[in-house]
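I have placed the structure first, in the form of structure tokens, so that the comments after it can refer back to it.
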Amino acid sequence: MRIAGKGLMQGAKPVTFSFNGRHMMGLEGDTLASALLANGVHLVGRSFKYHRPRGILTAGSEEPNALVTIGSGAQQDPNIRATQQEIFEGLEARSQNCWPSVDYDVQAVNDLAAPFFGAGFYYKTFMWPSAFWEKLYEPIIRKAAGLGALSRQADPDACEKAYAFCDLLVIGAGPAGLMAALVAGRAGADVILAEEDAHMGGRLLSEVEEVDGKPAADWIAQMLEELDNMDNVRLMTRTAVTGAYDQGTYGALERVGHHHSRRAGLPRECFWRIVAKRAVLAAGAIERPVAFANNDRPGIMTAGAVRSYLNRWGVAPGQNVTVFANNDQAHRTARDLVDAGVHVAMVIDSRHDAPDSNLYPVMKGAQVCSSSGRKRVESITVRSVAGEEKIQTDCLAMSGGWNPSLHLTCHLNGRPQWNRDIAGFVPAPGTVPGLTCAGACNGEFSTAGALREGAAAAVEALVELEIKQSEVTLPQAENDLYRVTALWAVPGKGRAWLDFQNDVTVKDVKQAATENFRSVEHMKRYTTQGMATDQGKNSNVAALAVLADATGRGIPETGTTTFRPPFAPVSIAAMGAGAAGQGCKPQRFLTSHRASREMRAEQIEVGLWYRASYFPKTGENTWRQSCDREIGLVRNHVGVCDVSTLGKIDIQGPDAAKLLDFVYTNTFSTLKQGKVCYGLMLREDGFVMDDGTTARLGENHYVMTTTTAAAGQVMAHLEFVRQALRPEWDVQITSVTEQWAQFAVAGPNSRDLLNGLLKEQIDDTSWPFMACGEVEVLGVQGRLFRISFSGELAYEIAIPARYGDALFRALIEQAKALGGGAYGMEALNVLRIEKGFLTHAELNGTVTAFDLGMQGMMSKKKDFIGKAMSTRPGLMDDGREQLVGLKPVGPVKQMTAGAHLFNPDDPVERIYDQGYVTSAGFSPTLGHSVALAFLKNGPDRIGDEVRLVDHMRGIDALCEVVDPVFFDPDGGRSRG
Amino acid sequence: MRITCPNCGERDRREFYVKGAALARPDVGAGLDEWHDHLHLRDNPASETKELWYHEMGCGAWIEVCRNTVSHEVVSTRLASGAELGGKR
Amino acid sequence: MDDLIAMTPCDGLLPVTIGDVTLTEDLPVAMTSIAPYAGQDEALNAALKDAHGLDFPAINRSTVKADARAIWFGQGIALLQGPAAAIELAKFAALTDQSDGWAVVRLEGKGAADVLARLAPVDLRRQNFKQGHTVRTELAHMMASITRIGPDALQIMVFRSMARTLVHDLKTAMAGVAARG
């Protein structure tokens, strides 16, 4: 119920929203939780395991109970904390984990069967027979358990990621954080102040107190005005810092679009990576519940949350409130309620030395041992020396003390320290380099202390940053002593909840200890204590205190589980922002892309590149028809293919030849200018890295080509050799892959085609096989290489990329006039298999020069990368799998890459494996399938038969081992 | 994780590619045992270790990074060209 | 047959304006990478000064004179944008024509740095990345060069073949920044 004149939202606009289909009114600035409470709604959801009615426990991101689903259809967002979700006009929220409704939930029957469902129930029950697990047990358990559901549709909303940099990151904008930001901001430091809440101020928004002689809200407003006016301070609200990472990097999740209706282009969330030279953690503290029987009923909340709803949102969560506490602070709840005109039935304090009050009755040395009511608390049972007594109440505000929010200090493996005075863990200093803790997260719970520590942390950071600080005056503020006496669980019958989200009770933790899961990490996994969205923010310390008690150890010896990022849930969509669809990698398009699309070419992805796979002609219904025709064009007329994807590396300098001699197995220093040579490159371990042709354009100028697949790897390798291994050599290398569009012109008519375009005519004398040089083509300077990857008379012509589109079109037009046309990757592949030419299908990282029959290319006269290790015993062993060709025996059978080879009489078992097929296709030139394979003792088995087996595709065929060069073995066609 | 490139300054880890331990290439004429050690055997210390990183998305420098595998501290970096990794010839 | 017609890397993709940020394509007449040979730094610097009025840029910096700009482009490399590199420079440095290898775009407007904060892991805010400053970095998985060429203008370069991805990613980030208002 809203209390007139109470709260910080005076004059706020009314907002209509719906919950479980019911339309309600709230105020702008309400969270869903405060709006529901204002509407008298306490029952919000059902619990994870027992489907017990649950309400709102807290007023922050630590909320374990009030998880709802926002929106519907593809935009449905599950597991949103009602305590964090701000309402807006038209917001739709629904309860989850209940059917048919939150009021009547069929699976609430689980609660009656609870004695069977204790810790370890699933582990013990669903063991046998094992075949039942996948088919029966898991689907049923999955259906019954769990929180919200995904829409199972593609998410239409985008998330965003962004980078930010600052001198000082202040995490949390309560009194400590505001003070730290102010001190650093005034000194001129580059500050980011990140606050998880929609509003800055922290606990001060929820407490009735004065700072600097004025109401806390006014002081906050004054601080924010000053900070907002500083260009060097960035204020980030709705931004939860979720993780601390190495070298001052922090992850943070900003809720950008959750708090209003959808807007075009606006991301729903932004995942920030903030790099901070220094950081101040001022994340506050989280109040702990007390475990007693049926402490999970709607209407039972933390005492601090009750104050938040009252003082910030002007909502009284009950009309007849009781308070159960073990510390002085919780008494403020009673004080504030009475002040607002709400009846406080009783304050029950477990301590005998609790403070008295003349505003409300106090029972000292008493404990709440149970509650009753159906979907909301109706009464509590209090136990004292006088015996047990029932007290009517519609809201119990409980407080077991406060846990510092030290999570981030543990993200780099730091371990917190036990502090008896506050009965809680406090951060160990220095666990995250550059991060200092201040205020409640450091165990300092007074406002004055928070302001003092915030200022001190900022000063410490400024010293480290070598920024001169300005004068700091600390404002007057509340400076009460924090008095607490630990109370974790009230003894008694019935289930006393520790972890509300995972339905873990005191009994479950004790049972874990009994069954010898005594380590806190084992207990966690056995009971699921502290898992899921809240990660045990409310419950971990109490649970380990119960474990410590059950195992007869102290809390410090028992220790905590490890806090890991993220501090608050981060959607996968936010972490992977920008990576949906094609966003995971750049797309690279050839200059011929547009023209080949116009020719209806199918595209194939080759690494990041998109290349034309084949160019279908009218009447061709399968890729094979197009491919066969294109091969025919090349073998009989002339074909044109874009080969720009091959890596091209410009190598210049007095030591260019030395570099090539060192990275290639063969010698390039003796290559004549204007000539091209094939080269083989090894890794240092003696295996083949890459191959390609390198042209000598000048005395100290070469251009190397690499395979498409290895272009980046070879560039990195050359840089490594040049910089790390031979820094004294004077040689420069530059990638020019993108500078040049390069087209293969292949076939008997290729020279005629080029002569139609080149300024100066070429012939066999001016451009013999493996010649290269500059040419003028249609008014543009280009480069011409007489090299062939098809076995035909062929050239590659390179031209600055801006002319690529135009030259490709011109080449195609000329080719057509000569009976030829474009060919794609499919035809290119068959053409090269027919010739036994290699790609990375063969150069797969496990083959040696010997395996390829290229041992003769390994120079004996010089050192080169991989030389030493290529001589290892075994790398030149006849028994190795070596390159051969395969053709089918008998009726035409398909051969497939990936198939394995066996002797015809051997069983098809792994130990009899003789090798494998790397490339295969149908050769229209030869009229049968052709394949390249690595076969044990391959070269000695030419003429033998082997059995090719491909279990994946159901192929089992006899093949004949042949020379890998199927077509034109003496190479006469390419030499012209 | 952030690494200080001797050229560009401190940069995000995603700009870099890591190759592995920073080891000098065996001298010319080294035996297979020495090569085997160079290529395959690593100490894996729980302390400071030297690695080679490539500022692939940045300036293209190969860098020797001294890094603590326990604390993740990047202790120092220098250009690989000054790290004498080429071996004797 | 007619002479060949040139096509720009971002043909058909630009210009575009979203919110207060505009993305256009820049078309330097020529781009040449200049990598001085061993011991030639000073001689090259003098030659560069003579030929183009430019100093060889320091790391993470660029130099400008009239229509010529020299951008630090990596370890021991500068990229001369504008005029074709004078042939005398070849005595002191490896010259490599890159005129067609890179897509060059200009992102201009108050929110330009905010847009790039969504794509590149470097601090490009005006106070830390001043006019003339440049970086080689990663931009949405692409190798990129980013240079501040005006108070609110950033020049971005990626490989030519990636122009479409660059424009797509920049437009998405521009929309996100603009929608925040």
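Lettering and numbering for the structure tokens are positional, with chains as A, B, ... in the shown order, residues counted from 1 in each chain, and ligands counted from 1 in the shown order.
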
Using only C-alpha atoms, find each residue in chain B having at least one atom no more than 9 Å away from chain A; report its shortest atom-to-atom pair and that distance in Å (one decimal), rows by chain then rising number, as a tab-separated table.
residue	atom	partner	partner_atom	distance
B:Met1	CA	A:Asp246	CA	4.8
B:Arg2	CA	A:Gln247	CA	5.7
B:Ile3	CA	A:Gln247	CA	8.3
B:Ala24	CA	A:Leu725	CA	8.2
B:Arg25	CA	A:Leu725	CA	7.5
B:Val28	CA	A:Asp863	CA	7.8
B:Gly29	CA	A:Ala868	CA	8.2
B:Ala30	CA	A:Ala868	CA	8.1
B:Gly31	CA	A:Ala868	CA	8.0
B:Leu32	CA	A:Met869	CA	6.9
B:Trp35	CA	A:Met869	CA	7.1
B:His36	CA	A:Met869	CA	8.2
B:Leu39	CA	A:Asp685	CA	7.0
B:Tyr54	CA	A:Ala716	CA	7.8
B:Glu56	CA	A:Ala716	CA	7.6
B:Gly60	CA	A:Glu719	CA	7.7
B:Ala61	CA	A:Gln723	CA	7.7
B:Trp62	CA	A:Phe720	CA	6.4
B:Ile63	CA	A:Ala724	CA	8.5
B:Ser71	CA	A:Leu412	CA	8.3
B:His72	CA	A:Asp246	CA	6.8
B:Glu73	CA	A:Gln247	CA	7.4
B:Val74	CA	A:Gln247	CA	8.2
B:Leu79	CA	A:Ala724	CA	8.2
B:Ala80	CA	A:Ala724	CA	5.0
B:Ser81	CA	A:Ala724	CA	4.7
B:Gly82	CA	A:Ala724	CA	7.7
B:Ala83	CA	A:Ala724	CA	7.4
B:Glu84	CA	A:Ala724	CA	7.4
B:Leu85	CA	A:Leu725	CA	5.5
B:Gly86	CA	A:Leu725	CA	3.9
B:Gly87	CA	A:Leu725	CA	7.6

Next item on the list: If you run DSSP over the backbone, which residues in stretch 631-845 of chain A end up strand (DSSP E)? Put them as JSON, numbers by chain.
Entry: {"A": [639, 640, 641, 642, 647, 648, 649, 650, 651, 652, 675, 676, 677, 678, 679, 680, 681, 682, 688, 689, 690, 691, 692, 693, 694, 695, 696, 697, 698, 701, 702, 703, 704, 705, 706, 732, 733, 734, 735, 740, 741, 742, 743, 744, 745, 746, 772, 773, 774, 775, 776, 777, 780, 781, 782, 783, 784, 785, 794, 795, 796, 797, 798, 799, 800, 821, 822]}

Next item on the list: Identify all chain B residues at most 7 Å from chain C by counting only C-alpha atoms; ligands do not count. Present them as a list in words.
Entry: Asn7, Cys8, Asp12, Glu15, Met57, Gly58, Cys59, Gly60 and Ala61 of chain B

Check: Can you list, as a ChimeraX atom specification, every protein, DNA or RNA residue that comes within 12 Å of B:Arg42 when you count only C-alpha atoms, leaving out same-chain residues fewer than 2 positions away?
Finding: /B:20-23,36-40,44-45,49-51

File dump, residues just selected, N, CA and C atoms, as a short mmCIF file (atom, residue, chain, number, x, y, z; two decimals), in the first residue's frame:
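Listed below is the output, part-v1.cif:
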data_model
loop_
_atom_site.label_atom_id
_atom_site.label_comp_id
_atom_site.auth_asym_id
_atom_site.auth_seq_id
_atom_site.Cartn_x
_atom_site.Cartn_y
_atom_site.Cartn_z
N GLY B 20 53.82 -19.00 -27.91
CA GLY B 20 54.29 -19.95 -26.91
C GLY B 20 55.59 -19.47 -26.29
N ALA B 21 56.32 -20.39 -25.70
CA ALA B 21 57.53 -20.02 -24.96
C ALA B 21 58.53 -19.31 -25.87
N ALA B 22 59.20 -18.32 -25.31
CA ALA B 22 60.23 -17.58 -26.05
C ALA B 22 61.55 -18.33 -25.89
N LEU B 23 61.96 -19.04 -26.92
CA LEU B 23 63.16 -19.85 -26.85
C LEU B 23 64.04 -19.55 -28.06
N HIS B 36 64.48 -31.42 -30.50
CA HIS B 36 63.32 -32.02 -29.82
C HIS B 36 62.98 -31.23 -28.57
N ASP B 37 64.02 -30.93 -27.81
CA ASP B 37 63.85 -30.13 -26.60
C ASP B 37 63.25 -28.76 -26.94
N HIS B 38 63.79 -28.14 -27.97
CA HIS B 38 63.35 -26.80 -28.39
C HIS B 38 61.88 -26.80 -28.80
N LEU B 39 61.49 -27.82 -29.51
CA LEU B 39 60.13 -27.81 -30.08
C LEU B 39 59.08 -28.39 -29.15
N HIS B 40 59.47 -29.35 -28.33
CA HIS B 40 58.44 -30.14 -27.66
C HIS B 40 58.46 -30.09 -26.14
N ASN B 44 56.79 -25.19 -18.01
CA ASN B 44 55.51 -24.89 -17.37
C ASN B 44 55.65 -24.40 -15.93
N PRO B 45 56.40 -23.33 -15.73
CA PRO B 45 56.67 -22.88 -14.36
C PRO B 45 55.46 -22.17 -13.73
N THR B 49 57.43 -16.44 -16.65
CA THR B 49 57.78 -17.20 -17.84
C THR B 49 57.81 -16.24 -19.03
N LYS B 50 58.64 -16.57 -20.01
CA LYS B 50 58.75 -15.69 -21.18
C LYS B 50 58.04 -16.32 -22.36
N GLU B 51 57.23 -15.52 -22.98
CA GLU B 51 56.44 -16.02 -24.11
C GLU B 51 56.59 -15.07 -25.29
#

If the cut-off is 8 Å, can you tell me the residues of chain A near chain C, counting only C-alpha atoms? I'd like them as a tab-separated table (two decimals) with N, CA and C atoms, in the first residue's frame.
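That gives us result_23.tsv:
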chain	number	residue	atom	x	y	z
A	160	GLU	N	24.62	-4.80	-27.26
A	160	GLU	CA	25.75	-4.02	-27.72
A	160	GLU	C	26.91	-4.32	-26.79
A	161	LYS	N	28.12	-4.15	-27.28
A	161	LYS	CA	29.25	-4.15	-26.36
A	161	LYS	C	30.07	-2.91	-26.61
A	162	ALA	N	30.78	-2.50	-25.61
A	162	ALA	CA	31.53	-1.25	-25.75
A	162	ALA	C	32.73	-1.27	-24.81
A	163	TYR	N	33.69	-0.44	-25.14
A	163	TYR	CA	34.91	-0.32	-24.34
A	163	TYR	C	34.95	1.08	-23.71
A	164	ALA	N	35.42	1.12	-22.49
A	164	ALA	CA	35.59	2.43	-21.84
A	164	ALA	C	36.92	2.42	-21.09
A	165	PHE	N	37.46	3.58	-20.93
A	165	PHE	CA	38.77	3.74	-20.28
A	165	PHE	C	38.68	4.86	-19.27
A	263	ARG	N	12.55	0.74	-28.68
A	263	ARG	CA	12.86	1.89	-29.51
A	263	ARG	C	13.81	1.40	-30.60
A	264	ALA	N	13.57	1.81	-31.83
A	264	ALA	CA	14.38	1.31	-32.96
A	264	ALA	C	15.86	1.61	-32.73
A	265	GLY	N	16.69	0.61	-32.95
A	265	GLY	CA	18.14	0.80	-32.87
A	265	GLY	C	18.70	0.74	-31.47
A	266	LEU	N	17.82	0.89	-30.46
A	266	LEU	CA	18.33	0.91	-29.09
A	266	LEU	C	18.63	-0.52	-28.62
A	267	PRO	N	19.85	-0.75	-28.18
A	267	PRO	CA	20.15	-2.09	-27.68
A	267	PRO	C	19.44	-2.34	-26.35
A	585	LYS	N	32.25	-12.79	-37.65
A	585	LYS	CA	33.50	-12.66	-38.40
A	585	LYS	C	33.26	-11.73	-39.59
A	586	PRO	N	34.30	-11.06	-40.04
A	586	PRO	CA	34.10	-10.21	-41.21
A	586	PRO	C	33.84	-11.06	-42.45
A	587	GLN	N	33.16	-10.48	-43.39
A	587	GLN	CA	32.99	-11.13	-44.69
A	587	GLN	C	33.92	-10.45	-45.67
A	588	ARG	N	34.58	-11.24	-46.49
A	588	ARG	CA	35.48	-10.64	-47.49
A	588	ARG	C	34.90	-10.92	-48.88
A	589	PHE	N	34.74	-9.86	-49.63
A	589	PHE	CA	34.17	-10.00	-50.96
A	589	PHE	C	35.19	-9.63	-52.03
A	590	LEU	N	35.19	-10.41	-53.09
A	590	LEU	CA	36.09	-10.19	-54.21
A	590	LEU	C	35.58	-9.02	-55.06
A	591	THR	N	36.49	-8.46	-55.82
A	591	THR	CA	36.05	-7.37	-56.72
A	591	THR	C	35.11	-7.93	-57.79
A	650	ASP	N	54.53	-8.77	-50.55
A	650	ASP	CA	55.57	-8.01	-51.22
A	650	ASP	C	56.82	-8.06	-50.34
A	652	GLN	N	60.80	-6.85	-50.09
A	652	GLN	CA	61.79	-5.96	-50.67
A	652	GLN	C	62.97	-5.77	-49.72
A	653	GLY	N	64.11	-5.50	-50.30
A	653	GLY	CA	65.28	-5.17	-49.49
A	653	GLY	C	66.49	-5.98	-49.89
A	730	ASP	N	68.15	-6.97	-43.63
A	730	ASP	CA	67.49	-5.74	-44.09
A	730	ASP	C	66.45	-6.13	-45.14
A	731	VAL	N	65.26	-6.40	-44.67
A	731	VAL	CA	64.21	-6.82	-45.60
A	731	VAL	C	62.85	-6.37	-45.04
A	732	GLN	N	62.01	-5.90	-45.95
A	732	GLN	CA	60.68	-5.41	-45.55
A	732	GLN	C	59.61	-6.26	-46.22
A	734	THR	N	55.32	-6.73	-46.84
A	734	THR	CA	54.01	-6.06	-46.78
A	734	THR	C	52.98	-6.94	-47.48
A	736	VAL	N	50.07	-7.56	-49.80
A	736	VAL	CA	49.41	-6.83	-50.91
A	736	VAL	C	48.25	-7.65	-51.47
A	737	THR	N	47.77	-8.58	-50.65
A	737	THR	CA	46.64	-9.41	-51.08
A	737	THR	C	45.48	-8.55	-51.58
A	738	GLU	N	45.22	-7.49	-50.85
A	738	GLU	CA	44.03	-6.68	-51.15
A	738	GLU	C	44.29	-5.64	-52.24
A	739	GLN	N	45.55	-5.38	-52.49
A	739	GLN	CA	45.88	-4.34	-53.47
A	739	GLN	C	45.57	-4.81	-54.90
A	740	TRP	N	45.77	-6.10	-55.12
A	740	TRP	CA	45.67	-6.64	-56.46
A	740	TRP	C	44.47	-7.55	-56.61
A	757	LEU	N	43.43	-7.87	-75.07
A	757	LEU	CA	43.30	-6.83	-74.03
A	757	LEU	C	44.61	-6.11	-73.73
A	778	LEU	N	44.22	-2.64	-71.06
A	778	LEU	CA	43.14	-1.66	-71.22
A	778	LEU	C	43.46	-0.34	-70.51
A	779	GLY	N	44.68	0.10	-70.68
A	779	GLY	CA	45.07	1.41	-70.16
A	779	GLY	C	45.54	1.41	-68.72
A	780	VAL	N	45.61	0.23	-68.11
A	780	VAL	CA	46.01	0.18	-66.70
A	780	VAL	C	47.24	-0.72	-66.56
A	800	PRO	N	45.37	-3.42	-60.14
A	800	PRO	CA	44.90	-2.74	-58.92
A	800	PRO	C	43.40	-2.98	-58.71
A	801	ALA	N	43.05	-3.24	-57.46
A	801	ALA	CA	41.72	-3.78	-57.16
A	801	ALA	C	40.57	-2.91	-57.64
A	802	ARG	N	40.79	-1.61	-57.75
A	802	ARG	CA	39.68	-0.74	-58.18
A	802	ARG	C	39.19	-1.12	-59.58
A	803	TYR	N	40.11	-1.75	-60.38
A	803	TYR	CA	39.72	-2.13	-61.74
A	803	TYR	C	39.30	-3.61	-61.81
A	804	GLY	N	39.26	-4.26	-60.67
A	804	GLY	CA	38.96	-5.69	-60.68
A	804	GLY	C	37.62	-6.02	-61.30
A	805	ASP	N	36.61	-5.28	-60.92
A	805	ASP	CA	35.27	-5.52	-61.45
A	805	ASP	C	35.26	-5.37	-62.97
A	806	ALA	N	35.87	-4.29	-63.43
A	806	ALA	CA	35.85	-4.01	-64.86
A	806	ALA	C	36.67	-5.03	-65.63
A	807	LEU	N	37.84	-5.40	-65.09
A	807	LEU	CA	38.68	-6.35	-65.82
A	807	LEU	C	38.01	-7.73	-65.85

Next item on the list: Determine, counting only C-alpha atoms, which protein, DNA and RNA residues have an atom within 8 Å of an atom of A:Arg278; residues of the same chain fewer than 6 positions away are not included. Present the result as a PyMOL selection string.
Entry: chain A and resi 167-169+248+434-435+461+465
